[in-house]
$ cat start-v6.txt   # compact mmCIF, C-alpha atoms
# COMPACT_ATOMS: atom_id res chain seq x y z
CA MET Q 1224 227.67 263.37 100.33
CA ALA Q 1225 223.96 263.07 100.93
CA ASN Q 1226 222.17 261.31 98.15
CA ILE Q 1227 218.94 262.30 96.51
CA LYS Q 1228 216.92 259.56 98.13
CA ASP Q 1229 217.88 260.64 101.66
CA LEU Q 1230 217.06 264.22 100.89
CA LYS Q 1231 213.67 263.23 99.52
CA LYS Q 1232 212.94 261.37 102.74
CA ARG Q 1233 213.89 264.35 104.86
CA ILE Q 1234 211.76 266.71 102.82
CA LYS Q 1235 208.81 264.39 103.21
CA SER Q 1236 209.17 264.16 106.98
CA THR Q 1237 209.64 267.92 107.30
CA LYS Q 1238 206.45 268.40 105.30
CA GLY Q 1239 204.70 266.15 107.79
CA THR Q 1240 205.95 268.23 110.72
CA PHE Q 1241 204.93 271.36 108.86
CA LYS Q 1242 201.37 270.12 108.59
CA ILE Q 1243 201.22 269.26 112.28
CA THR Q 1244 202.64 272.55 113.52
CA LYS Q 1245 200.37 274.48 111.21
CA ALA Q 1246 197.32 272.63 112.49
CA MET Q 1247 198.42 273.16 116.10
CA LYS Q 1248 198.85 276.82 115.42
CA LEU Q 1249 195.34 277.12 114.04
CA VAL Q 1250 193.89 275.19 116.98
CA SER Q 1251 195.75 277.41 119.45
CA ALA Q 1252 194.60 280.52 117.65
CA ALA Q 1253 190.99 279.43 118.00
CA LYS Q 1254 191.48 278.52 121.67
CA LEU Q 1255 193.32 281.74 122.34
CA ASN Q 1256 190.42 283.66 120.93
CA LYS Q 1257 188.04 282.03 123.39
CA ALA Q 1258 190.43 282.35 126.33
CA GLN Q 1259 191.07 285.97 125.49
CA ILE Q 1260 187.37 286.77 125.60
CA ARG Q 1261 187.12 285.08 128.98
CA ILE Q 1262 190.03 286.86 130.64
CA LEU Q 1263 189.23 290.23 129.15
CA GLY Q 1264 185.62 289.82 130.27
CA MET Q 1265 186.77 288.86 133.73
CA ARG Q 1266 189.25 291.67 134.28
CA PRO Q 1267 186.91 294.65 134.76
CA TYR Q 1268 184.98 292.68 137.37
CA ALA Q 1269 188.12 291.62 139.20
CA THR Q 1270 189.74 295.06 139.21
CA GLU Q 1271 186.55 296.87 140.23
CA LEU Q 1272 185.94 294.41 143.03
CA GLU Q 1273 189.46 294.62 144.35
CA SER Q 1274 189.68 298.40 144.15
CA THR Q 1275 186.35 298.74 145.93
CA VAL Q 1276 187.47 296.49 148.74
CA ARG Q 1277 190.76 298.34 149.06
CA THR Q 1278 189.04 301.69 149.14
CA VAL Q 1279 186.44 300.64 151.67
CA SER Q 1280 189.02 299.07 153.93
CA ALA Q 1281 191.09 302.25 153.77
CA LEU Q 1282 188.12 304.47 154.54
CA ASN Q 1283 187.00 302.36 157.46
CA LYS Q 1284 189.89 302.47 159.83
CA ASP Q 1285 188.33 300.43 162.55
CA TYR Q 1286 187.36 297.54 160.33
CA THR Q 1287 189.48 294.49 160.86
CA SER Q 1288 189.15 291.10 159.34
CA ILE Q 1289 191.21 287.98 159.38
CA TYR Q 1290 191.78 288.49 155.66
CA PHE Q 1291 193.57 291.79 156.23
CA ASN Q 1292 195.69 290.98 159.23
CA GLU Q 1293 199.17 289.83 158.68
CA ASN Q 1294 200.15 287.23 161.17
CA LYS Q 1295 203.86 287.92 161.51
CA ALA Q 1296 204.48 284.98 163.82
CA ASN Q 1297 203.16 282.49 161.31
CA ARG Q 1298 206.00 281.67 158.97
CA GLN Q 1299 204.25 278.98 156.98
CA SER Q 1300 203.16 280.03 153.48
CA VAL Q 1301 201.59 278.35 150.51
CA VAL Q 1302 202.28 279.10 146.89
CA LEU Q 1303 200.00 278.18 144.01
CA VAL Q 1304 201.97 277.61 140.82
CA VAL Q 1305 199.95 277.77 137.62
CA SER Q 1306 201.47 276.16 134.54
CA SER Q 1307 200.18 274.03 131.68
CA ASP Q 1308 199.52 270.32 131.29
CA LYS Q 1309 200.94 270.18 127.80
CA GLY Q 1310 204.25 271.23 126.35
CA LEU Q 1311 205.14 272.68 122.98
CA CYS Q 1312 204.41 276.19 124.09
CA GLY Q 1313 207.78 277.91 123.89
CA GLY Q 1314 209.15 279.50 127.02
CA TYR Q 1315 205.84 279.37 128.82
CA ASN Q 1316 206.56 276.70 131.43
CA SER Q 1317 210.24 277.43 131.80
CA SER Q 1318 209.52 281.04 132.68
CA VAL Q 1319 207.12 279.90 135.40
CA THR Q 1320 209.79 277.54 136.67
CA LYS Q 1321 212.37 280.30 136.63
CA ALA Q 1322 210.03 282.59 138.54
CA VAL Q 1323 209.44 279.88 141.13
CA ARG Q 1324 213.17 279.39 141.66
CA ARG Q 1325 213.74 283.12 141.91
CA PHE Q 1326 210.88 283.42 144.39
CA VAL Q 1327 212.27 280.63 146.55
CA LYS Q 1328 215.71 282.20 146.51
CA GLU Q 1329 214.36 285.63 147.44
CA LYS Q 1330 212.36 284.22 150.31
CA ALA Q 1331 215.29 282.17 151.55
CA SER Q 1332 217.54 285.21 151.66
CA GLU Q 1333 215.15 287.08 153.94
CA GLU Q 1334 215.60 287.18 157.64
CA ASN Q 1335 213.61 284.49 159.37
CA PRO Q 1336 212.54 282.93 156.07
CA GLU Q 1337 209.02 281.70 155.51
CA LYS Q 1338 208.47 278.00 155.10
CA LEU Q 1339 207.03 277.49 151.66
CA LYS Q 1340 204.67 274.79 150.55
CA PHE Q 1341 203.72 274.46 146.92
CA TYR Q 1342 200.40 273.67 145.27
CA TYR Q 1343 200.15 273.22 141.53
CA VAL Q 1344 197.75 273.70 138.70
CA GLY Q 1345 199.18 272.07 135.58
CA LYS Q 1346 201.85 269.43 135.73
CA LYS Q 1347 204.63 270.82 133.54
CA ALA Q 1348 206.15 273.20 136.07
CA ARG Q 1349 205.48 270.69 138.83
CA ASP Q 1350 207.51 268.01 137.08
CA LEU Q 1351 210.40 270.41 136.81
CA VAL Q 1352 210.52 271.71 140.36
CA GLN Q 1353 208.81 269.25 142.68
CA LYS Q 1354 211.98 267.40 143.64
CA GLU Q 1355 213.65 270.50 145.00
CA LEU Q 1356 210.63 271.90 146.81
CA ASN Q 1357 208.17 271.03 149.50
CA SER Q 1358 205.26 270.06 147.26
CA ALA Q 1359 201.76 269.40 148.43
CA LYS Q 1360 199.03 268.79 145.92
CA THR Q 1361 198.25 269.17 142.25
CA PHE Q 1362 194.79 270.38 141.33
CA THR Q 1363 193.27 269.02 138.17
CA PHE Q 1364 190.17 269.97 136.27
CA ALA Q 1365 187.59 267.81 134.58
CA LYS Q 1366 188.08 269.62 131.31
CA GLN Q 1367 190.88 271.70 129.96
CA ASP Q 1368 189.10 274.92 130.79
CA PRO Q 1369 188.17 275.08 134.46
CA THR Q 1370 184.79 276.40 135.52
CA PHE Q 1371 184.33 279.05 138.17
CA GLU Q 1372 182.98 276.39 140.54
CA GLU Q 1373 186.09 274.25 140.14
CA VAL Q 1374 188.31 277.23 140.83
CA ARG Q 1375 186.16 278.13 143.83
CA LYS Q 1376 186.96 274.72 145.30
CA ILE Q 1377 190.68 275.35 144.97
CA ALA Q 1378 190.34 278.83 146.40
CA ASP Q 1379 188.24 277.53 149.28
CA GLU Q 1380 190.86 274.94 150.09
CA LEU Q 1381 193.68 277.47 150.11
CA GLY Q 1382 191.49 280.07 151.83
CA SER Q 1383 190.60 277.68 154.63
CA LEU Q 1384 194.28 276.98 155.24
CA PHE Q 1385 194.65 280.71 155.75
CA THR Q 1386 191.54 281.36 157.83
CA SER Q 1387 192.26 278.42 160.11
CA GLY Q 1388 195.65 279.95 160.81
CA GLU Q 1389 197.57 277.04 159.40
CA VAL Q 1390 199.41 279.31 156.99
CA GLY Q 1391 200.21 283.00 157.22
CA LYS Q 1392 200.40 283.91 153.56
CA VAL Q 1393 199.09 282.74 150.21
CA TYR Q 1394 200.95 283.51 147.00
CA VAL Q 1395 200.30 282.72 143.37
CA ILE Q 1396 202.82 282.45 140.53
CA TYR Q 1397 201.42 282.53 137.01
CA ASN Q 1398 201.83 283.98 133.53
CA SER Q 1399 199.75 287.08 133.10
CA PHE Q 1400 198.29 287.61 129.66
CA ILE Q 1401 199.34 290.77 127.85
CA SER Q 1402 198.76 290.03 124.19
CA ALA Q 1403 198.78 287.05 121.84
CA ILE Q 1404 202.56 287.17 121.64
CA ALA Q 1405 203.46 288.43 125.10
CA PHE Q 1406 202.96 287.39 128.69
CA GLU Q 1407 204.50 288.42 131.96
CA THR Q 1408 205.31 286.02 134.76
CA LYS Q 1409 203.98 287.36 138.01
CA ALA Q 1410 204.36 286.37 141.63
CA ARG Q 1411 201.59 287.92 143.72
CA GLN Q 1412 200.58 287.83 147.32
CA LEU Q 1413 196.88 287.02 147.53
CA LEU Q 1414 196.40 286.76 151.27
CA PRO Q 1415 196.45 288.65 153.52
CA LEU Q 1416 195.11 291.46 151.42
CA SER Q 1417 197.62 293.94 152.62
CA VAL Q 1418 196.88 297.57 152.03
CA SER Q 1419 199.93 299.54 153.04
CA GLU Q 1420 199.61 302.72 155.09
CA GLU Q 1421 200.83 304.88 152.19
CA GLU Q 1422 198.28 303.33 149.91
CA LYS Q 1423 195.60 303.94 152.50
CA GLU Q 1424 196.58 307.60 152.76
CA GLU Q 1425 196.50 307.90 149.00
CA LEU Q 1426 193.07 306.33 148.77
CA ARG Q 1427 191.77 308.56 151.55
CA ALA Q 1428 193.03 311.61 149.70
CA LYS Q 1429 191.39 310.39 146.52
CA TYR Q 1430 188.05 309.76 148.20
CA PRO Q 1431 187.54 312.63 150.63
CA TYR Q 1432 183.94 311.57 151.14
CA ASP Q 1433 182.73 308.29 152.51
CA TYR Q 1434 180.01 306.11 151.11
CA GLN Q 1435 176.70 305.49 152.64
CA TYR Q 1436 176.68 301.78 153.38
CA GLU Q 1437 173.82 299.37 153.14
CA PRO Q 1438 173.72 297.40 155.44
CA SER Q 1439 177.12 298.28 157.03
CA PRO Q 1440 180.73 298.52 155.88
CA GLY Q 1441 181.67 295.56 158.04
CA SER Q 1442 179.09 293.21 156.61
CA ILE Q 1443 179.81 294.33 153.03
CA LEU Q 1444 183.51 293.66 153.48
CA ASP Q 1445 182.81 290.36 155.18
CA THR Q 1446 181.03 289.11 152.08
CA LEU Q 1447 183.26 290.79 149.51
CA VAL Q 1448 186.71 289.97 150.82
CA PRO Q 1449 186.51 286.19 150.36
CA GLU Q 1450 185.04 286.93 146.94
CA VAL Q 1451 188.08 289.04 146.06
CA PHE Q 1452 190.32 286.11 146.87
CA VAL Q 1453 188.34 283.63 144.77
CA THR Q 1454 188.18 286.10 141.92
CA SER Q 1455 191.94 286.67 142.01
CA VAL Q 1456 192.62 282.94 141.85
CA TYR Q 1457 190.18 282.58 138.97
CA ALA Q 1458 191.67 285.56 137.15
CA ALA Q 1459 195.17 284.11 137.60
CA ILE Q 1460 194.10 280.78 136.11
CA LEU Q 1461 192.30 282.41 133.19
CA ASP Q 1462 195.32 284.62 132.61
CA ALA Q 1463 197.53 281.56 132.56
CA ILE Q 1464 195.28 279.73 130.10
CA ALA Q 1465 195.16 282.65 127.70
CA SER Q 1466 198.94 283.08 127.86
CA GLU Q 1467 199.43 279.37 127.31
CA HIS Q 1468 197.46 279.41 124.08
CA GLY Q 1469 199.20 282.60 123.02
CA ALA Q 1470 202.61 281.11 123.75
CA ARG Q 1471 201.75 277.90 121.94
CA MET Q 1472 200.43 279.81 118.98
CA SER Q 1473 203.59 281.83 118.54
CA ALA Q 1474 205.81 278.80 119.20
CA MET Q 1475 203.96 276.86 116.53
CA GLU Q 1476 204.08 279.78 114.17
CA ASN Q 1477 207.87 279.86 114.53
CA ALA Q 1478 208.05 276.12 114.04
CA THR Q 1479 205.96 276.42 110.88
CA LYS Q 1480 208.22 279.14 109.58
CA ASN Q 1481 211.31 277.05 110.31
CA CYS Q 1482 209.76 274.07 108.56
CA LYS Q 1483 209.13 276.13 105.47
CA GLU Q 1484 212.68 277.39 105.46
CA MET Q 1485 214.02 273.87 105.96
CA ILE Q 1486 211.93 272.51 103.09
CA ARG Q 1487 213.17 275.28 100.83
CA LYS Q 1488 216.82 274.62 101.68
CA LEU Q 1489 216.50 270.87 101.29
CA SER Q 1490 214.70 271.15 97.95
CA LEU Q 1491 217.38 273.48 96.68
CA LYS Q 1492 220.08 271.05 97.70
CA MET Q 1493 218.23 268.15 96.17
CA ASN Q 1494 217.69 269.94 92.87
CA LYS Q 1495 221.34 270.90 92.71
CA LEU Q 1496 222.34 267.30 93.26
CA ARG Q 1497 219.88 266.11 90.65
CA GLN Q 1498 221.17 268.60 88.12
CA ALA Q 1499 224.76 267.60 88.82
CA LYS Q 1500 223.81 263.97 88.32
CA ILE Q 1501 222.10 264.70 84.99
CA THR Q 1502 225.09 266.69 83.83
CA THR Q 1503 227.45 263.83 84.63
CA GLU Q 1504 225.20 261.34 82.89
CA LEU Q 1505 224.96 263.55 79.83
CA ALA Q 1506 228.71 263.94 79.72
CA GLU Q 1507 229.08 260.20 79.95
CA VAL Q 1508 226.59 259.58 77.14
CA VAL Q 1509 228.16 262.24 74.93
CA SER Q 1510 231.69 261.02 75.52
CA GLY Q 1511 230.57 257.43 74.91
CA ALA Q 1512 229.02 258.39 71.56
CA GLU Q 1513 232.11 260.40 70.64
CA SER Q 1514 234.38 257.42 71.23
CA LEU Q 1515 232.16 255.16 69.08
CA ASN Q 1516 232.09 257.71 66.21
CA GLY Q 1517 235.78 258.32 66.46
CA MET K 779 170.08 314.46 133.57
CA SER K 780 171.53 311.02 133.31
CA PHE K 781 174.31 308.89 134.67
CA LYS K 782 176.38 306.03 133.39
CA LEU K 783 175.69 302.44 134.30
CA HIS K 784 178.26 299.64 134.19
CA LEU K 785 177.38 296.02 134.81
CA TYR K 786 180.24 293.56 135.19
CA THR K 787 180.23 289.84 135.90
CA PRO K 788 183.07 287.31 136.10
CA LYS K 789 181.90 285.94 132.75
CA GLY K 790 182.13 289.28 130.99
CA THR K 791 180.91 292.82 130.77
CA ILE K 792 177.16 292.91 130.29
CA ILE K 793 176.82 296.64 129.72
CA LYS K 794 179.28 299.45 129.80
CA GLY K 795 178.49 303.13 129.91
CA LEU K 796 174.75 302.81 129.43
CA GLU K 797 173.15 306.23 129.78
CA ALA K 798 170.32 305.87 132.26
CA SER K 799 168.13 308.40 133.99
CA GLU K 800 166.85 306.10 136.68
CA ILE K 801 167.55 302.59 137.89
CA THR K 802 166.10 300.26 140.47
CA VAL K 803 168.39 297.70 142.03
CA PRO K 804 167.52 294.81 144.34
CA THR K 805 169.66 294.89 147.46
CA VAL K 806 169.81 292.67 150.51
CA ARG K 807 167.50 295.13 152.23
CA GLY K 808 164.97 295.49 149.45
CA GLU K 809 164.90 297.41 146.22
CA ILE K 810 166.37 300.87 145.97
CA GLY K 811 165.88 303.45 143.29
CA ILE K 812 168.78 305.54 142.06
CA LEU K 813 168.30 308.90 140.39
CA PRO K 814 170.98 311.29 139.10
CA ASP K 815 172.92 313.10 141.85
CA HIS K 816 172.34 310.26 144.26
CA THR K 817 174.55 310.24 147.33
CA HIS K 818 177.60 307.94 147.25
CA ILE K 819 176.38 304.58 148.27
CA LEU K 820 177.82 301.12 148.48
CA THR K 821 175.43 298.29 148.91
CA GLU K 822 175.25 294.55 148.78
CA LEU K 823 173.15 293.21 145.93
CA GLY K 824 170.26 290.86 146.40
CA THR K 825 168.91 288.48 143.82
CA GLY K 826 166.33 289.87 141.44
CA VAL K 827 165.70 292.11 138.50
CA MET K 828 167.49 295.39 137.90
CA THR K 829 165.70 297.93 135.74
CA ALA K 830 167.28 300.88 134.00
CA LYS K 831 165.35 303.71 132.37
CA THR K 832 167.09 304.94 129.25
CA SER K 833 166.09 307.35 126.53
CA SER K 834 165.01 304.41 124.38
CA GLY K 835 162.88 302.75 127.04
CA LEU K 836 163.27 300.40 129.96
CA ARG K 837 165.97 297.74 130.05
CA HIS K 838 165.91 294.82 132.44
CA PHE K 839 168.71 292.65 133.76
CA SER K 840 168.85 289.81 136.20
CA VAL K 841 171.39 290.12 139.00
CA THR K 842 172.53 287.81 141.76
CA ALA K 843 174.76 288.37 144.76
CA GLY K 844 177.28 291.14 144.32
CA LEU K 845 177.79 294.80 144.84
CA CYS K 846 176.36 298.10 143.69
CA ARG K 847 178.37 301.30 143.93
CA VAL K 848 177.15 304.78 143.17
CA MET K 849 179.87 307.36 142.82
CA LYS K 850 179.34 310.79 141.32
CA ASP K 851 177.53 310.05 138.08
CA VAL K 852 178.72 306.50 137.64
CA VAL K 853 176.85 303.46 138.90
CA THR K 854 178.87 300.26 138.93
CA VAL K 855 177.12 296.98 139.50
CA LEU K 856 179.22 293.87 140.07
CA SER K 857 177.05 290.81 139.96
CA PHE K 858 177.99 287.18 140.20
CA THR K 859 175.83 286.37 137.21
CA SER K 860 173.64 288.51 135.04
CA GLU K 861 171.49 288.25 131.94
CA LYS K 862 169.77 290.71 129.70
CA ALA K 863 166.03 290.39 129.36
CA GLU K 864 166.42 290.17 125.58
CA GLU K 865 168.51 287.04 125.92
CA ILE K 866 166.17 284.95 128.02
CA ASP K 867 164.87 281.76 126.50
CA LEU K 868 161.32 281.59 127.86
CA GLU K 869 160.69 277.93 127.05
CA ARG K 870 163.91 276.83 128.65
CA ALA K 871 163.24 278.84 131.79
CA LYS K 872 159.76 277.33 132.06
CA ALA K 873 161.12 273.82 131.67
CA ALA K 874 163.85 274.49 134.24
CA LYS K 875 161.32 275.82 136.70
CA ALA K 876 159.01 272.84 136.28
CA LYS K 877 161.91 270.44 136.69
CA ALA K 878 163.28 272.12 139.81
CA ALA K 879 159.80 272.42 141.34
CA SER K 880 159.01 268.76 140.74
CA ARG K 881 162.28 267.68 142.32
CA LEU K 882 161.63 269.87 145.35
CA SER K 883 158.02 268.86 145.84
CA GLY K 884 158.49 265.16 145.26
CA GLU K 885 160.72 262.95 147.27
CA SER K 886 162.18 263.70 150.64
CA SER K 887 165.32 261.84 149.58
CA LEU K 888 167.15 265.04 148.67
CA SER K 889 170.33 265.70 150.57
CA ASP K 890 170.96 269.15 152.01
CA VAL K 891 173.31 270.04 149.17
CA GLU K 892 170.76 268.97 146.59
CA LEU K 893 168.01 270.84 148.37
CA ILE K 894 170.01 274.06 148.19
CA LYS K 895 170.92 273.37 144.58
CA PHE K 896 167.33 272.89 143.46
CA ARG K 897 166.09 275.86 145.47
CA ARG K 898 168.66 278.01 143.72
CA LYS K 899 167.67 276.56 140.37
CA LEU K 900 164.05 277.36 141.10
CA GLU K 901 164.96 280.88 142.16
CA ARG K 902 166.99 281.47 139.00
CA ALA K 903 164.24 280.09 136.78
CA GLU K 904 161.71 282.33 138.46
CA ILE K 905 163.86 285.39 137.92
CA ARG K 906 164.28 284.46 134.27
CA LEU K 907 160.54 284.12 133.87
CA ARG K 908 159.99 287.49 135.51
CA LEU K 909 162.55 289.01 133.18
CA ALA K 910 161.02 287.37 130.14
CA ASN K 911 157.61 288.73 131.05
CA LEU K 912 159.02 292.23 131.40
CA LYS K 913 160.44 292.17 127.92
$ encode --input "start-v6.txt" --output "structure tokens"
Amino acid sequence: MANIKDLKKRIKSTKGTFKITKAMKLVSAAKLNKAQIRILGMRPYATELESTVRTVSALNKDYTSIYFNENKANRQSVVLVVSSDKGLCGGYNSSVTKAVRRFVKEKASEENPEKLKFYYVGKKARDLVQKELNSAKTFTFAKQDPTFEEVRKIADELGSLFTSGEVGKVYVIYNSFISAIAFETKARQLLPLSVSEEEKEELRAKYPYDYQYEPSPGSILDTLVPEVFVTSVYAAILDAIASEHGARMSAMENATKNCKEMIRKLSLKMNKLRQAKITTELAEVVSGAESLNG
Amino acid sequence: MSFKLHLYTPKGTIIKGLEASEITVPTVRGEIGILPDHTHILTELGTGVMTAKTSSGLRHFSVTAGLCRVMKDVVTVLSFTSEKAEEIDLERAKAAKAKAASRLSGESSLSDVELIKFRRKLERAEIRLRLANLK
């Protein structure tokens, strides 16, 4: 039987954990707020830019660019895996890891499978999968929140692998932010920007008129297309950061709740034990007095 | 007659659905004016000041490289960075300009990267000053 002293110790340590998880929750909530503003501010820009590029490329049939052409002979691909540097964020990193494994399996089951090479942002998922995969490099940032310029460097590095013909495809796997308590793990192809024929037809039907271009559709696309790629990488990283804080916040909230419940149960047990002890003592005293009086 | 103006940047939405009756936008080939019922146009943005005429007066914004799209009665401007004239800190812009100019005029020890960096800084500061004066 547990004694009162042990229970007291456990309650004290649980209270300590409770304080920590509560503080972490509050910190994550504040960080989530900031991250949420960033990703939600970024999204309209990213979607508008991408949809414009898709539309223009569909409307201009004769435009070709290295960014649009799929090089079927090139079977080398790179994958950027975005996870977090810190743990204690629930299923956040394990769902990225799971998605990576699923992705690898899917690709391996295809005919003439692509050779995959992995780049990482955040070390948690890397630590889990790097032994089983062909891993290249981990990108790190000076601060926790990367700047656009830092992300541009990453994107330029991956983009140059693609434009030089070293790799045929660029993918990204990350957690996309939905709300403070939900995220969705996505695996997306970033390069080449493939617009399927059906999609092209659809876009052409939607825009029966063409734009007037200044200076020319080719030169506009030439400047915009690399921008779309950088923006997508940046959006993926911002998405991942916002989901990380969201995941950590809800994980810590659960932990706090569990701590509270634990403290309640332990206190109850301790009080019961204490009462039982007092009752026994009383009975002893009373019976002792009785025997003396007798 | 009016149309709607959206201005998006990677750092956030600057304006959304602003009712404007006329705007001027700097493009790579010089400024263009856009009135209601303009033809569909897609153009590359230059660096400079964008002005929108609204029912409550003129509003000014800085824009840098990006894209301007006119479609039906919606004008969408995607700019790499953008600021509202109201938000410019005049003193800071002046100081930044002086600093960039002194670095550019002074020593020849600047590397190519630095040269480009300070030229851009100077350009940005000048746009900010122009914006601040338009306020």
$ interface_residues --input "start-v6.txt" --of "chain K" --to "chain Q" --cutoff "12 Å" --atoms "only C-alpha atoms" --output "count of residues only"
42
$ atom_distance --input "start-v6.txt" --atom1 "atom CA of Q:Gln1367" --atom2 "atom CA of Q:Ser1307"
9.7 Å
$ residues_near_point --input "start-v6.txt" --point "(198.9, 272.9, 125.5)" --cutoff "7 Å" --atoms "only C-alpha atoms" --output "PyMOL selection string"
chain Q and resi 1307-1312+1467-1468+1471
$ write_last_selection --input "start-v6.txt" --atoms "C-alpha atoms" --output "PDB file, keeping the file's coordinate frame"
ATOM      1  CA  SER Q1307     200.180 274.030 131.680  1.00  0.00           C
ATOM      2  CA  ASP Q1308     199.520 270.320 131.290  1.00  0.00           C
ATOM      3  CA  LYS Q1309     200.940 270.180 127.800  1.00  0.00           C
ATOM      4  CA  GLY Q1310     204.250 271.230 126.350  1.00  0.00           C
ATOM      5  CA  LEU Q1311     205.140 272.680 122.980  1.00  0.00           C
ATOM      6  CA  CYS Q1312     204.410 276.190 124.090  1.00  0.00           C
ATOM      7  CA  GLU Q1467     199.430 279.370 127.310  1.00  0.00           C
ATOM      8  CA  HIS Q1468     197.460 279.410 124.080  1.00  0.00           C
ATOM      9  CA  ARG Q1471     201.750 277.900 121.940  1.00  0.00           C
TER      10      ARG Q1471
END
$ residues_around --input "start-v6.txt" --residues "K:Thr802" --least-positions-apart "3" --cutoff "9 Å" --atoms "only C-alpha atoms" --output "PyMOL selection string"
chain K and resi 809-813+827-831
$ atom_distance --input "start-v6.txt" --atom1 "atom CA of Q:Asn1477" --atom2 "atom CA of Q:Lys1235"
19.2 Å
$ atom_distance --input "start-v6.txt" --atom1 "atom CA of Q:Asn1494" --atom2 "atom CA of Q:Ile1227"
8.6 Å
$ residues_around --input "start-v6.txt" --residues "K:Gly826" --least-positions-apart "5" --cutoff "10 Å" --atoms "only C-alpha atoms" --output "number ranges by chain"
K: 803-805, 808-809, 839-843, 860, 901-902, 904-906, 908-909
$ residues_around --input "start-v6.txt" --residues "Q:Glu1420" --least-positions-apart "5" --cutoff "12 Å" --atoms "all atoms listed in the file" --output "VMD selection string"
chain Q and resid 1277 1280 to 1282 1284 1425 to 1427
$ write_last_selection --input "start-v6.txt" --atoms "C-alpha atoms" --output "compact mmCIF listing (two decimals), keeping the file's coordinate frame"
# COMPACT_ATOMS: atom_id res chain seq x y z
CA ARG Q 1277 190.76 298.34 149.06
CA SER Q 1280 189.02 299.07 153.93
CA ALA Q 1281 191.09 302.25 153.77
CA LEU Q 1282 188.12 304.47 154.54
CA LYS Q 1284 189.89 302.47 159.83
CA GLU Q 1425 196.50 307.90 149.00
CA LEU Q 1426 193.07 306.33 148.77
CA ARG Q 1427 191.77 308.56 151.55
$ residues_near_point --input "start-v6.txt" --point "(205.5, 276.3, 143.3)" --cutoff "10 Å" --atoms "only C-alpha atoms" --output "ChimeraX atom specification"
/Q:1301-1306,1319-1320,1322-1324,1326-1327,1339-1344,1348-1349,1352-1353,1356-1359,1394-1397
$ residues_around --input "start-v6.txt" --residues "Q:Asn1226" --least-positions-apart "3" --cutoff "8 Å" --atoms "all atoms listed in the file" --output "ChimeraX atom specification"
/Q:1229-1230,1496
$ closest_residue --input "start-v6.txt" --among "K:Asp815, K:Glu865, K:Ser780, K:Ser887" --to "K:Ser799" --atoms "all atoms listed in the file"
K:Ser780
$ closest_residue --input "start-v6.txt" --among "Q:Met1247, Q:Cys1482, Q:Ala1258, Q:Ala1499" --to "Q:Asp1368" --atoms "only C-alpha atoms"
Q:Ala1258
$ residues_around --input "start-v6.txt" --residues "K:Leu900" --least-positions-apart "3" --cutoff "6 Å" --atoms "all atoms listed in the file" --output "JSON, numbers by chain"
{"K": [875, 878, 897, 903]}
$ closest_residue --input "start-v6.txt" --among "K:Ser889, K:Leu836, K:Phe896, K:Ala863" --to "K:Lys877" --atoms "all atoms listed in the file"
K:Phe896
$ build_atoms --input "start-v6.txt" --residues "stretch 1237-1247 of chain Q" --atoms "N, CA and C atoms" --output "PDB file, in the coordinates of the input"
ATOM      1  N   THR Q1237     209.792 266.505 106.905  1.00  0.00           N
ATOM      2  CA  THR Q1237     209.640 267.920 107.300  1.00  0.00           C
ATOM      3  C   THR Q1237     208.262 268.437 106.903  1.00  0.00           C
ATOM      4  N   LYS Q1238     207.794 267.983 105.741  1.00  0.00           N
ATOM      5  CA  LYS Q1238     206.450 268.400 105.300  1.00  0.00           C
ATOM      6  C   LYS Q1238     205.398 267.905 106.288  1.00  0.00           C
ATOM      7  N   GLY Q1239     205.619 266.679 106.796  1.00  0.00           N
ATOM      8  CA  GLY Q1239     204.700 266.150 107.790  1.00  0.00           C
ATOM      9  C   GLY Q1239     204.674 267.015 109.038  1.00  0.00           C
ATOM     10  N   THR Q1240     205.856 267.368 109.537  1.00  0.00           N
ATOM     11  CA  THR Q1240     205.950 268.230 110.720  1.00  0.00           C
ATOM     12  C   THR Q1240     205.283 269.580 110.454  1.00  0.00           C
ATOM     13  N   PHE Q1241     205.504 270.070 109.257  1.00  0.00           N
ATOM     14  CA  PHE Q1241     204.930 271.360 108.860  1.00  0.00           C
ATOM     15  C   PHE Q1241     203.412 271.328 108.993  1.00  0.00           C
ATOM     16  N   LYS Q1242     202.833 270.237 108.505  1.00  0.00           N
ATOM     17  CA  LYS Q1242     201.370 270.120 108.590  1.00  0.00           C
ATOM     18  C   LYS Q1242     200.900 270.104 110.029  1.00  0.00           C
ATOM     19  N   ILE Q1243     201.636 269.368 110.877  1.00  0.00           N
ATOM     20  CA  ILE Q1243     201.220 269.260 112.280  1.00  0.00           C
ATOM     21  C   ILE Q1243     201.324 270.611 112.981  1.00  0.00           C
ATOM     22  N   THR Q1244     202.473 271.273 112.813  1.00  0.00           N
ATOM     23  CA  THR Q1244     202.640 272.550 113.520  1.00  0.00           C
ATOM     24  C   THR Q1244     201.640 273.575 113.035  1.00  0.00           C
ATOM     25  N   LYS Q1245     201.335 273.512 111.743  1.00  0.00           N
ATOM     26  CA  LYS Q1245     200.370 274.480 111.210  1.00  0.00           C
ATOM     27  C   LYS Q1245     198.999 274.230 111.813  1.00  0.00           C
ATOM     28  N   ALA Q1246     198.619 272.956 111.901  1.00  0.00           N
ATOM     29  CA  ALA Q1246     197.320 272.630 112.490  1.00  0.00           C
ATOM     30  C   ALA Q1246     197.281 273.042 113.952  1.00  0.00           C
ATOM     31  N   MET Q1247     198.378 272.789 114.679  1.00  0.00           N
ATOM     32  CA  MET Q1247     198.420 273.160 116.100  1.00  0.00           C
ATOM     33  C   MET Q1247     198.304 274.663 116.272  1.00  0.00           C
TER      34      MET Q1247
END
